[in-house]
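Participant: Okay, here's the structure, questions in a sec.
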Amino acid sequence: MKICCIGAGYVGGPTMAMISLKCPDIKVTVVDINADRIAAWNSDDLPVFEPGLTEIVLSTRGKNLFFTTDVDKAIADADIIFISVNTPTKTYGIGAGRAADLRFIEACARRIAKVSKNDKVIVEKSTIPVRTAESIKRIFDTSGTQARFQVLSNPEFLAEGTAMTDLENPDRILIGGERSPEGEKAIQKLVNVYAHWVPKKKIITTNLWSSELSKLTANAFLAQRISSTNAISALCEVTGADVDEVAYAIGMDDRIGSKFLKASVGFGGSCFQKDILNLVYLCEHFGLPAVAEYWEQVVSMNNHQKKRFTVRIVHSLFNTVAGKRLAIFGYAFKKDTNDIRESAAIDVCRDLLAEQAQLAVYDPKVSSETVLSSLGLGAEDESVTHCQSAYEAAEDSHAIAILTEWDEFKDLDFEKIYQSMNKPAFIFDGRNILDLEKLRAIGFEAHGIGKS
Ligand code: UDX
Ligand code: ADP
């Protein structure tokens with residue numbers, strides 16, 4: 001059995017590494033048109049930071065896991081092809097700002113149709129709008145190829161930062177396919193891959209459209225919980241309630257459950273906002289404006305939360321941050337990843353720069369170039385300094401904003417940091433990871449999310 005995965009990104013790389021580890025009998029080839037990315041996957045410095053990933057890649061690379069830019073050969077050889085390319089929000093034309101840009105998916109389908117000589121199972125791994133499989137099938141059916149294809153939907157539920165444990169121990173594996181004899185055969189083929197390590201009862205099969213829609217729905221529900229908590233956090237700040245206590249109290253209710261109730265400066269990542277906007281667009285497309293509006297509020301609340309955080313900083317610092325050095329602790333959209341896509345840090349920093357603040361940014365895994373380019377700045381720009389440590393960033397600053405919950409921030413020597421800062425010294429904990437009372441005892445003016 002041979003597997004090819006098109007797209008060596010945050011989803012394709014880790015997922016194929018896990019398959020190669022658990023299925024020594026399967027040859028897994030990951031391809032990408034980005035030669036730099038492939039070179040990085042073949043080096044000691046992988047392009048994706050994910051705890052546990054390097055160890056797995058080092059143990060299987062060159063044995064049954066391969067990374068190459070030879071897309072056509074890998075497609076031609078494969079029995080199963082995963083499409084794991086990016087599906088960003090469209091920035092142009094019809095549906096701009098909301099619909100998914102499917103041009104990379106379509107390019108893959110056309111490539112597969114062109115170079116395939118034998119029958120294959122095509123697996124949609126990327127998150128896509130419901131009924132995308134229909135378009136892919138149309139491309140195959142009209143391509144004139146002799147090869148026959150079965151299209152499956154197998155969305156990825158891994159979260160960055162915990163990708164390897166999520167992949168090893170998934171809550172469920174979802175496989176959608178056509179409910180025909182050929183479709184069932186293709187589904188079974190993919191079930192057999194996961195059955196190498198995932199218990200059968202956790203592998204669920206559905207029709208294609210249910211699977212495609214389940215992914216968008218899962219992300220919309222998760223994001224909705226965060227926006228709901230963040231909405232309540234604003235109320236906590238003006239009433240004396242503590243959002244962590246409220247979340248704990250409601251999370252004890254089995255029907256609600258304790259996960260994904262953590263108030264924050266706002267959710268980020270490549271999925272939540274993109275998928276909800278995609279859902280909104282689909283609802284509008286199918287003539288359901290009230291449903292579209294309902295889900296759009298989840299994103300609006302998130303934007304409001306990011307804005308609220310910046311406003312709180314500016315108000316606290318006597319309504320002006322112009323010319324003041326502000327330390328930014330964390331830039332990634334969450335801990336244990338080097339990914340900054342849709343990170344709340346980007347919006348907060350952009351708004352603070354608009355107030356003419358001087359930013360000193362430290363993130364353990366995000367490079368200076370990544371920070372600057374996300375803000376549209378060049379290397380020579382003096383409004384942003386990239387620092388090698390949290391201590392360096394804090395020195396001479398007026399305030400610290402914690403935007404990512406990296407564990408190392410909890411172990412910092414805040415007495416030492418306090419001494420090195422301008423007074424009054426402020427901390428705005430956008431992730432509620434610090435003990436505000438302790439910081440106040442040192443002398444800080446400390447603020448959390450949803451805490452008065
Ligand atoms: C998400 C889904 O969890 C995953 O199943 C899907 O396949 C892809 O999208 P990911 O974006 O990697 O994964 O990260 P996730 O852990 O879901 O966090 C998303 C954002 O929400 C982060 O910015 C995180 O900090 C924030 N968050 C999460 C909160 O603010 N509060 C919470 O309680 C949980
Ligand atoms: P994700 O988080 O969904 O994995 P990424 O952007 O990290 O998204 O990865 C997607 C990868 O897919 C990128 O490395 C990109 O170069 C690759 N890609 C996009 N289109 C194609 C294509 N037609 N053929 C091969 N690789 C592609």
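Chain lettering (A, B, ...) mirrors the order of the structure tokens, residue numbering begins at 1 for each chain separately, and ligand numbering begins at 1 in order of display.
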Which residues come within 7 Å of range 277-279 of chain A, counting only C-alpha atoms, excluding same-chain residues fewer than 5 positions away, as a PyMOL selection string?

Facilitator: chain A and resi 98-100+129+216+296

Participant: Near Gly62 in chain A, within 12 Å and counting only C-alpha atoms, which residues show up once chain neighbours fewer than 5 positions away are dropped, as a PyMOL selection string?

Facilitator: chain A and resi 17+20+24+27-30+41-43+56-57+67-68

Participant: As a ChimeraX atom specification, please: all residues of range 33-232 of chain A that backbone DSSP puts in alpha helix (DSSP H).

Facilitator: /A:35-41,53-60,71-77,103-115,132-141,163-168,181-194,208-232

Participant: Could you please take those selected residues and save C-alpha atoms as a short mmCIF file (atom, residue, chain, number, x, y, z; two decimals), in the first residue's frame?

Facilitator:
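And here's part-v5.cif as it stands now:
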```cif
data_model
loop_
_atom_site.label_atom_id
_atom_site.label_comp_id
_atom_site.auth_asym_id
_atom_site.auth_seq_id
_atom_site.Cartn_x
_atom_site.Cartn_y
_atom_site.Cartn_z
CA ALA A 35 10.85 23.35 -2.34
CA ASP A 36 12.06 25.21 0.78
CA ARG A 37 9.43 23.51 2.88
CA ILE A 38 10.35 20.06 1.57
CA ALA A 39 14.06 20.78 2.17
CA ALA A 40 13.19 21.76 5.75
CA TRP A 41 11.24 18.52 6.27
CA LEU A 53 7.05 15.52 15.97
CA THR A 54 10.82 15.60 15.41
CA GLU A 55 11.35 12.27 17.19
CA ILE A 56 8.77 10.53 15.01
CA VAL A 57 10.05 12.04 11.76
CA LEU A 58 13.62 11.08 12.62
CA SER A 59 12.54 7.50 13.32
CA THR A 60 10.62 6.93 10.07
CA VAL A 71 4.47 15.58 -7.04
CA ASP A 72 3.60 13.69 -10.23
CA LYS A 73 5.56 10.55 -9.43
CA ALA A 74 4.14 10.31 -5.92
CA ILE A 75 0.60 10.74 -7.27
CA ALA A 76 1.12 8.14 -10.00
CA ASP A 77 2.50 5.57 -7.53
CA ARG A 103 -7.98 27.15 -6.06
CA PHE A 104 -5.31 24.92 -4.47
CA ILE A 105 -7.77 22.05 -4.06
CA GLU A 106 -8.83 22.36 -7.68
CA ALA A 107 -5.21 22.45 -8.85
CA CYS A 108 -4.58 19.20 -6.99
CA ALA A 109 -7.65 17.52 -8.50
CA ARG A 110 -6.55 18.52 -12.00
CA ARG A 111 -3.01 17.26 -11.37
CA ILE A 112 -4.28 13.94 -10.02
CA ALA A 113 -6.57 13.47 -13.02
CA LYS A 114 -3.71 14.23 -15.39
CA VAL A 115 -1.02 11.91 -14.04
CA THR A 132 -16.64 20.27 -2.36
CA ALA A 133 -16.30 16.57 -3.17
CA GLU A 134 -18.88 17.13 -5.89
CA SER A 135 -16.59 19.61 -7.67
CA ILE A 136 -13.59 17.32 -7.33
CA LYS A 137 -15.61 14.46 -8.80
CA ARG A 138 -16.74 16.61 -11.73
CA ILE A 139 -13.11 17.39 -12.54
CA PHE A 140 -12.23 13.70 -12.49
CA ASP A 141 -15.30 12.64 -14.47
CA ALA A 163 -1.07 17.42 17.30
CA MET A 164 0.94 14.28 18.00
CA THR A 165 -1.11 13.18 21.03
CA ASP A 166 -4.34 14.12 19.22
CA LEU A 167 -3.25 11.98 16.27
CA GLU A 168 -2.16 9.06 18.44
CA PRO A 181 -20.51 -0.52 -3.24
CA GLU A 182 -17.43 1.27 -4.67
CA GLY A 183 -17.75 4.00 -2.05
CA GLU A 184 -18.00 1.47 0.79
CA LYS A 185 -14.91 -0.31 -0.55
CA ALA A 186 -12.94 2.96 -0.54
CA ILE A 187 -14.15 3.77 2.98
CA GLN A 188 -13.00 0.35 4.14
CA LYS A 189 -9.56 0.90 2.62
CA LEU A 190 -9.09 4.07 4.68
CA VAL A 191 -10.62 2.49 7.81
CA ASN A 192 -7.94 -0.22 7.54
CA VAL A 193 -5.18 2.41 7.64
CA TYR A 194 -6.45 3.98 10.88
CA LEU A 208 -19.77 12.60 2.25
CA TRP A 209 -21.79 15.71 3.03
CA SER A 210 -22.22 14.92 6.72
CA SER A 211 -18.47 14.50 7.09
CA GLU A 212 -17.66 17.73 5.28
CA LEU A 213 -20.23 19.66 7.32
CA SER A 214 -19.20 18.07 10.64
CA LYS A 215 -15.77 19.63 10.47
CA LEU A 216 -17.10 23.16 10.02
CA THR A 217 -19.71 22.53 12.70
CA ALA A 218 -17.21 21.19 15.24
CA ASN A 219 -14.99 24.24 14.85
CA ALA A 220 -17.95 26.64 14.95
CA PHE A 221 -19.19 25.05 18.21
CA LEU A 222 -15.75 25.17 19.84
CA ALA A 223 -15.21 28.79 18.84
CA GLN A 224 -18.73 29.66 20.03
CA ARG A 225 -17.88 28.41 23.53
CA ILE A 226 -14.85 30.69 23.67
CA SER A 227 -16.80 33.69 22.38
CA SER A 228 -19.55 32.98 24.92
CA THR A 229 -17.00 32.89 27.75
CA ASN A 230 -15.31 36.01 26.44
CA ALA A 231 -18.66 37.81 26.31
CA ILE A 232 -19.20 36.92 29.97
#
```

Participant: Pick out the residues sitting within 7 Å of Ala357 in chain A, and hand them over as a list of chain:residue names; count only C-alpha atoms, and ignore anything fewer than 3 positions along from it in its own chain.

Facilitator: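 Surrounding residues, per the criterion: A:Val321, A:Ala322, A:Gly323, A:Lys324, A:Arg325, A:Leu326, A:Leu352, A:Leu353.
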
Participant: Can I get the selected residues back with N, CA and C atoms, as a PDB file, in the first residue's frame?

Facilitator:
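Written output follows (again_1.pdb):
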```pdb
ATOM      1  N   VAL A 321      -0.265  55.688  24.884  1.00  0.00           N
ATOM      2  CA  VAL A 321       0.888  54.778  24.851  1.00  0.00           C
ATOM      3  C   VAL A 321       1.914  55.296  23.843  1.00  0.00           C
ATOM      4  N   ALA A 322       1.677  56.473  23.295  1.00  0.00           N
ATOM      5  CA  ALA A 322       2.572  57.020  22.270  1.00  0.00           C
ATOM      6  C   ALA A 322       3.994  57.127  22.815  1.00  0.00           C
ATOM      7  N   GLY A 323       4.936  56.524  22.099  1.00  0.00           N
ATOM      8  CA  GLY A 323       6.342  56.591  22.489  1.00  0.00           C
ATOM      9  C   GLY A 323       6.703  55.694  23.662  1.00  0.00           C
ATOM     10  N   LYS A 324       5.719  55.015  24.254  1.00  0.00           N
ATOM     11  CA  LYS A 324       6.021  54.142  25.401  1.00  0.00           C
ATOM     12  C   LYS A 324       6.429  52.752  24.927  1.00  0.00           C
ATOM     13  N   ARG A 325       7.420  52.177  25.597  1.00  0.00           N
ATOM     14  CA  ARG A 325       7.824  50.809  25.270  1.00  0.00           C
ATOM     15  C   ARG A 325       6.870  49.835  25.973  1.00  0.00           C
ATOM     16  N   LEU A 326       6.282  48.930  25.182  1.00  0.00           N
ATOM     17  CA  LEU A 326       5.381  47.916  25.739  1.00  0.00           C
ATOM     18  C   LEU A 326       5.947  46.546  25.402  1.00  0.00           C
ATOM     19  N   LEU A 352      -1.960  48.688  18.854  1.00  0.00           N
ATOM     20  CA  LEU A 352      -1.042  49.435  19.730  1.00  0.00           C
ATOM     21  C   LEU A 352      -0.082  50.289  18.897  1.00  0.00           C
ATOM     22  N   LEU A 353       0.321  49.761  17.744  1.00  0.00           N
ATOM     23  CA  LEU A 353       1.194  50.551  16.861  1.00  0.00           C
ATOM     24  C   LEU A 353       0.450  51.765  16.321  1.00  0.00           C
TER      25      LEU A 353
END
```

Participant: Could you make a table, as CSV, of the residues of chain A that have an atom within 7 Å of an atom of ligand 2, each with its nearest atom pair and distance in Å to one decimal, counting only C-alpha atoms and all ligand atoms, in chain and number order?

Facilitator:
```
residue,atom,partner,partner_atom_place_in_ligand_line,distance
A:Ile6,CA,ligand 2,25 (C),5.1
A:Gly7,CA,ligand 2,12 (O),3.4
A:Ala8,CA,ligand 2,14 (O),4.9
A:Gly9,CA,ligand 2,7 (O),3.3
A:Tyr10,CA,ligand 2,4 (O),3.8
A:Val11,CA,ligand 2,4 (O),3.7
A:Gly12,CA,ligand 2,4 (O),5.4
A:Val31,CA,ligand 2,25 (C),6.0
A:Asp32,CA,ligand 2,26 (N),3.7
A:Ile33,CA,ligand 2,25 (C),4.5
A:Asn34,CA,ligand 2,16 (O),4.7
A:Arg37,CA,ligand 2,14 (O),6.5
A:Val71,CA,ligand 2,25 (C),6.8
A:Ser84,CA,ligand 2,3 (O),6.0
A:Val85,CA,ligand 2,12 (O),3.6
A:Asn86,CA,ligand 2,10 (C),4.3
A:Thr87,CA,ligand 2,3 (O),6.9
A:Phe104,CA,ligand 2,20 (N),4.6
A:Ile105,CA,ligand 2,23 (N),6.9
A:Ala107,CA,ligand 2,23 (N),5.1
A:Cys108,CA,ligand 2,23 (N),4.8
A:Ser126,CA,ligand 2,3 (O),5.8
A:Ser270,CA,ligand 2,2 (O),6.5
```

Participant: Hey, which residues sit close to ligand 1? Say within 8 Å, counting only C-alpha atoms and all ligand atoms, and write them as a PyMOL selection string.

Facilitator: chain A and resi 155-163+215+218-219+222-223+225-226+259-272+333-335+343-344+404-405+431

Participant: Can I get the selected residues back with N, CA, C and O atoms, as a compact mmCIF listing (two decimals), in the first residue's frame?

Facilitator:
```txt
# COMPACT_ATOMS: atom_id res chain seq x y z
N PRO A 155 -11.87 14.63 7.62
CA PRO A 155 -11.35 15.86 8.23
C PRO A 155 -10.44 15.59 9.42
O PRO A 155 -10.59 14.60 10.11
N GLU A 156 -9.51 16.51 9.60
CA GLU A 156 -8.54 16.39 10.68
C GLU A 156 -9.01 17.19 11.88
O GLU A 156 -9.36 18.35 11.75
N PHE A 157 -8.99 16.56 13.04
CA PHE A 157 -9.43 17.27 14.25
C PHE A 157 -8.26 17.60 15.18
O PHE A 157 -8.47 17.96 16.33
N LEU A 158 -7.03 17.44 14.69
CA LEU A 158 -5.90 17.71 15.58
C LEU A 158 -5.84 19.21 15.89
O LEU A 158 -6.24 20.05 15.08
N ALA A 159 -5.37 19.53 17.08
CA ALA A 159 -5.14 20.93 17.44
C ALA A 159 -3.64 21.14 17.47
O ALA A 159 -2.89 20.25 17.91
N GLU A 160 -3.19 22.27 16.99
CA GLU A 160 -1.76 22.55 16.98
C GLU A 160 -1.24 22.63 18.42
O GLU A 160 -1.96 23.08 19.32
N GLY A 161 -0.01 22.21 18.60
CA GLY A 161 0.56 22.22 19.95
C GLY A 161 0.35 20.88 20.65
O GLY A 161 1.13 20.48 21.50
N THR A 162 -0.75 20.18 20.29
CA THR A 162 -0.99 18.84 20.84
C THR A 162 -1.24 17.86 19.69
O THR A 162 -1.87 16.82 19.88
N ALA A 163 -0.74 18.20 18.50
CA ALA A 163 -1.07 17.42 17.30
C ALA A 163 -0.69 15.95 17.45
O ALA A 163 -1.47 15.07 17.08
N LYS A 215 -17.01 18.93 10.13
CA LYS A 215 -15.77 19.63 10.47
C LYS A 215 -16.04 21.11 10.74
O LYS A 215 -15.62 21.68 11.75
N ALA A 218 -18.01 21.41 14.03
CA ALA A 218 -17.21 21.19 15.24
C ALA A 218 -16.43 22.46 15.58
O ALA A 218 -16.43 22.93 16.72
N ASN A 219 -15.78 23.04 14.58
CA ASN A 219 -14.99 24.24 14.85
C ASN A 219 -15.88 25.42 15.25
O ASN A 219 -15.53 26.20 16.12
N LEU A 222 -16.86 24.92 18.91
CA LEU A 222 -15.75 25.17 19.84
C LEU A 222 -15.49 26.67 19.96
O LEU A 222 -15.34 27.21 21.06
N ALA A 223 -15.47 27.35 18.82
CA ALA A 223 -15.21 28.79 18.84
C ALA A 223 -16.35 29.53 19.56
O ALA A 223 -16.13 30.50 20.28
N ARG A 225 -18.06 28.51 22.07
CA ARG A 225 -17.88 28.41 23.53
C ARG A 225 -16.91 29.49 24.01
O ARG A 225 -17.12 30.12 25.04
N ILE A 226 -15.84 29.69 23.24
CA ILE A 226 -14.85 30.69 23.67
C ILE A 226 -15.47 32.09 23.59
O ILE A 226 -15.33 32.89 24.51
N LYS A 259 -14.16 21.76 29.10
CA LYS A 259 -13.18 22.17 28.08
C LYS A 259 -13.64 23.37 27.24
O LYS A 259 -14.83 23.58 27.04
N PHE A 260 -12.67 24.11 26.75
CA PHE A 260 -12.93 25.24 25.85
C PHE A 260 -13.81 26.32 26.47
O PHE A 260 -14.67 26.90 25.82
N LEU A 261 -13.56 26.57 27.75
CA LEU A 261 -14.28 27.65 28.44
C LEU A 261 -13.30 28.67 28.96
O LEU A 261 -13.63 29.47 29.83
N LYS A 262 -12.07 28.64 28.48
CA LYS A 262 -11.04 29.54 29.02
C LYS A 262 -11.15 30.91 28.33
O LYS A 262 -11.02 31.01 27.11
N ALA A 263 -11.38 31.92 29.16
CA ALA A 263 -11.43 33.28 28.61
C ALA A 263 -10.04 33.65 28.12
O ALA A 263 -9.03 33.20 28.66
N SER A 264 -9.98 34.46 27.08
CA SER A 264 -8.68 34.84 26.54
C SER A 264 -8.80 36.14 25.79
O SER A 264 -9.90 36.69 25.65
N VAL A 265 -7.66 36.61 25.30
CA VAL A 265 -7.64 37.83 24.51
C VAL A 265 -8.36 37.62 23.16
O VAL A 265 -8.61 38.57 22.42
N GLY A 266 -8.72 36.37 22.90
CA GLY A 266 -9.43 36.07 21.64
C GLY A 266 -8.83 34.82 21.00
O GLY A 266 -7.63 34.59 21.11
N PHE A 267 -9.68 34.03 20.37
CA PHE A 267 -9.13 32.83 19.71
C PHE A 267 -8.45 33.20 18.41
O PHE A 267 -8.78 34.20 17.77
N GLY A 268 -7.46 32.38 18.04
CA GLY A 268 -6.78 32.57 16.75
C GLY A 268 -6.64 31.21 16.10
O GLY A 268 -7.39 30.29 16.40
N GLY A 269 -5.67 31.10 15.19
CA GLY A 269 -5.44 29.83 14.52
C GLY A 269 -6.01 29.82 13.12
O GLY A 269 -6.81 30.69 12.76
N SER A 270 -5.60 28.80 12.37
CA SER A 270 -5.95 28.80 10.96
C SER A 270 -7.37 28.32 10.71
O SER A 270 -7.86 28.38 9.60
N CYS A 271 -8.05 27.82 11.75
CA CYS A 271 -9.34 27.17 11.50
C CYS A 271 -10.57 27.96 11.93
O CYS A 271 -11.48 28.15 11.12
N PHE A 272 -10.61 28.38 13.19
CA PHE A 272 -11.89 28.86 13.74
C PHE A 272 -12.53 29.98 12.92
O PHE A 272 -13.65 29.84 12.45
N PHE A 333 -0.48 31.89 18.12
CA PHE A 333 -1.92 31.95 18.45
C PHE A 333 -2.26 31.11 19.67
O PHE A 333 -3.33 31.24 20.24
N LYS A 334 -1.33 30.24 20.08
CA LYS A 334 -1.45 29.50 21.33
C LYS A 334 -0.08 28.94 21.65
O LYS A 334 0.84 29.06 20.83
N LYS A 335 0.07 28.32 22.84
CA LYS A 335 1.40 27.82 23.19
C LYS A 335 1.78 26.58 22.38
O LYS A 335 0.92 25.94 21.76
N SER A 343 -3.48 34.97 14.80
CA SER A 343 -3.17 35.15 16.22
C SER A 343 -3.72 36.49 16.71
O SER A 343 -3.59 37.51 16.02
N ALA A 344 -4.29 36.47 17.92
CA ALA A 344 -4.81 37.72 18.51
C ALA A 344 -3.68 38.73 18.63
O ALA A 344 -3.91 39.95 18.58
N THR A 404 0.27 34.99 24.59
CA THR A 404 0.29 33.54 24.38
C THR A 404 0.63 32.90 25.72
O THR A 404 1.45 33.43 26.47
N GLU A 405 -0.01 31.74 26.00
CA GLU A 405 0.13 31.15 27.34
C GLU A 405 1.35 30.23 27.47
O GLU A 405 1.27 29.18 28.11
N ARG A 431 -4.15 35.83 28.98
CA ARG A 431 -4.40 34.39 29.00
C ARG A 431 -4.74 33.86 30.39
O ARG A 431 -4.88 32.64 30.56
```

Participant: Of the residues A:Phe426, A:Thr89, A:Thr15, A:Asp413, which is the one nearest to Ile128 in chain A, using only C-alpha atoms?

Facilitator: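 Smallest separation from Ile128 in chain A among the options: A:Thr89.
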
Participant: Going by DSSP on the backbone, which residues of range 136-336 of chain A come out as strand (DSSP E or B)? List them as number ranges by chain.

Facilitator: A: 149-153, 173-177, 203-207, 325-329
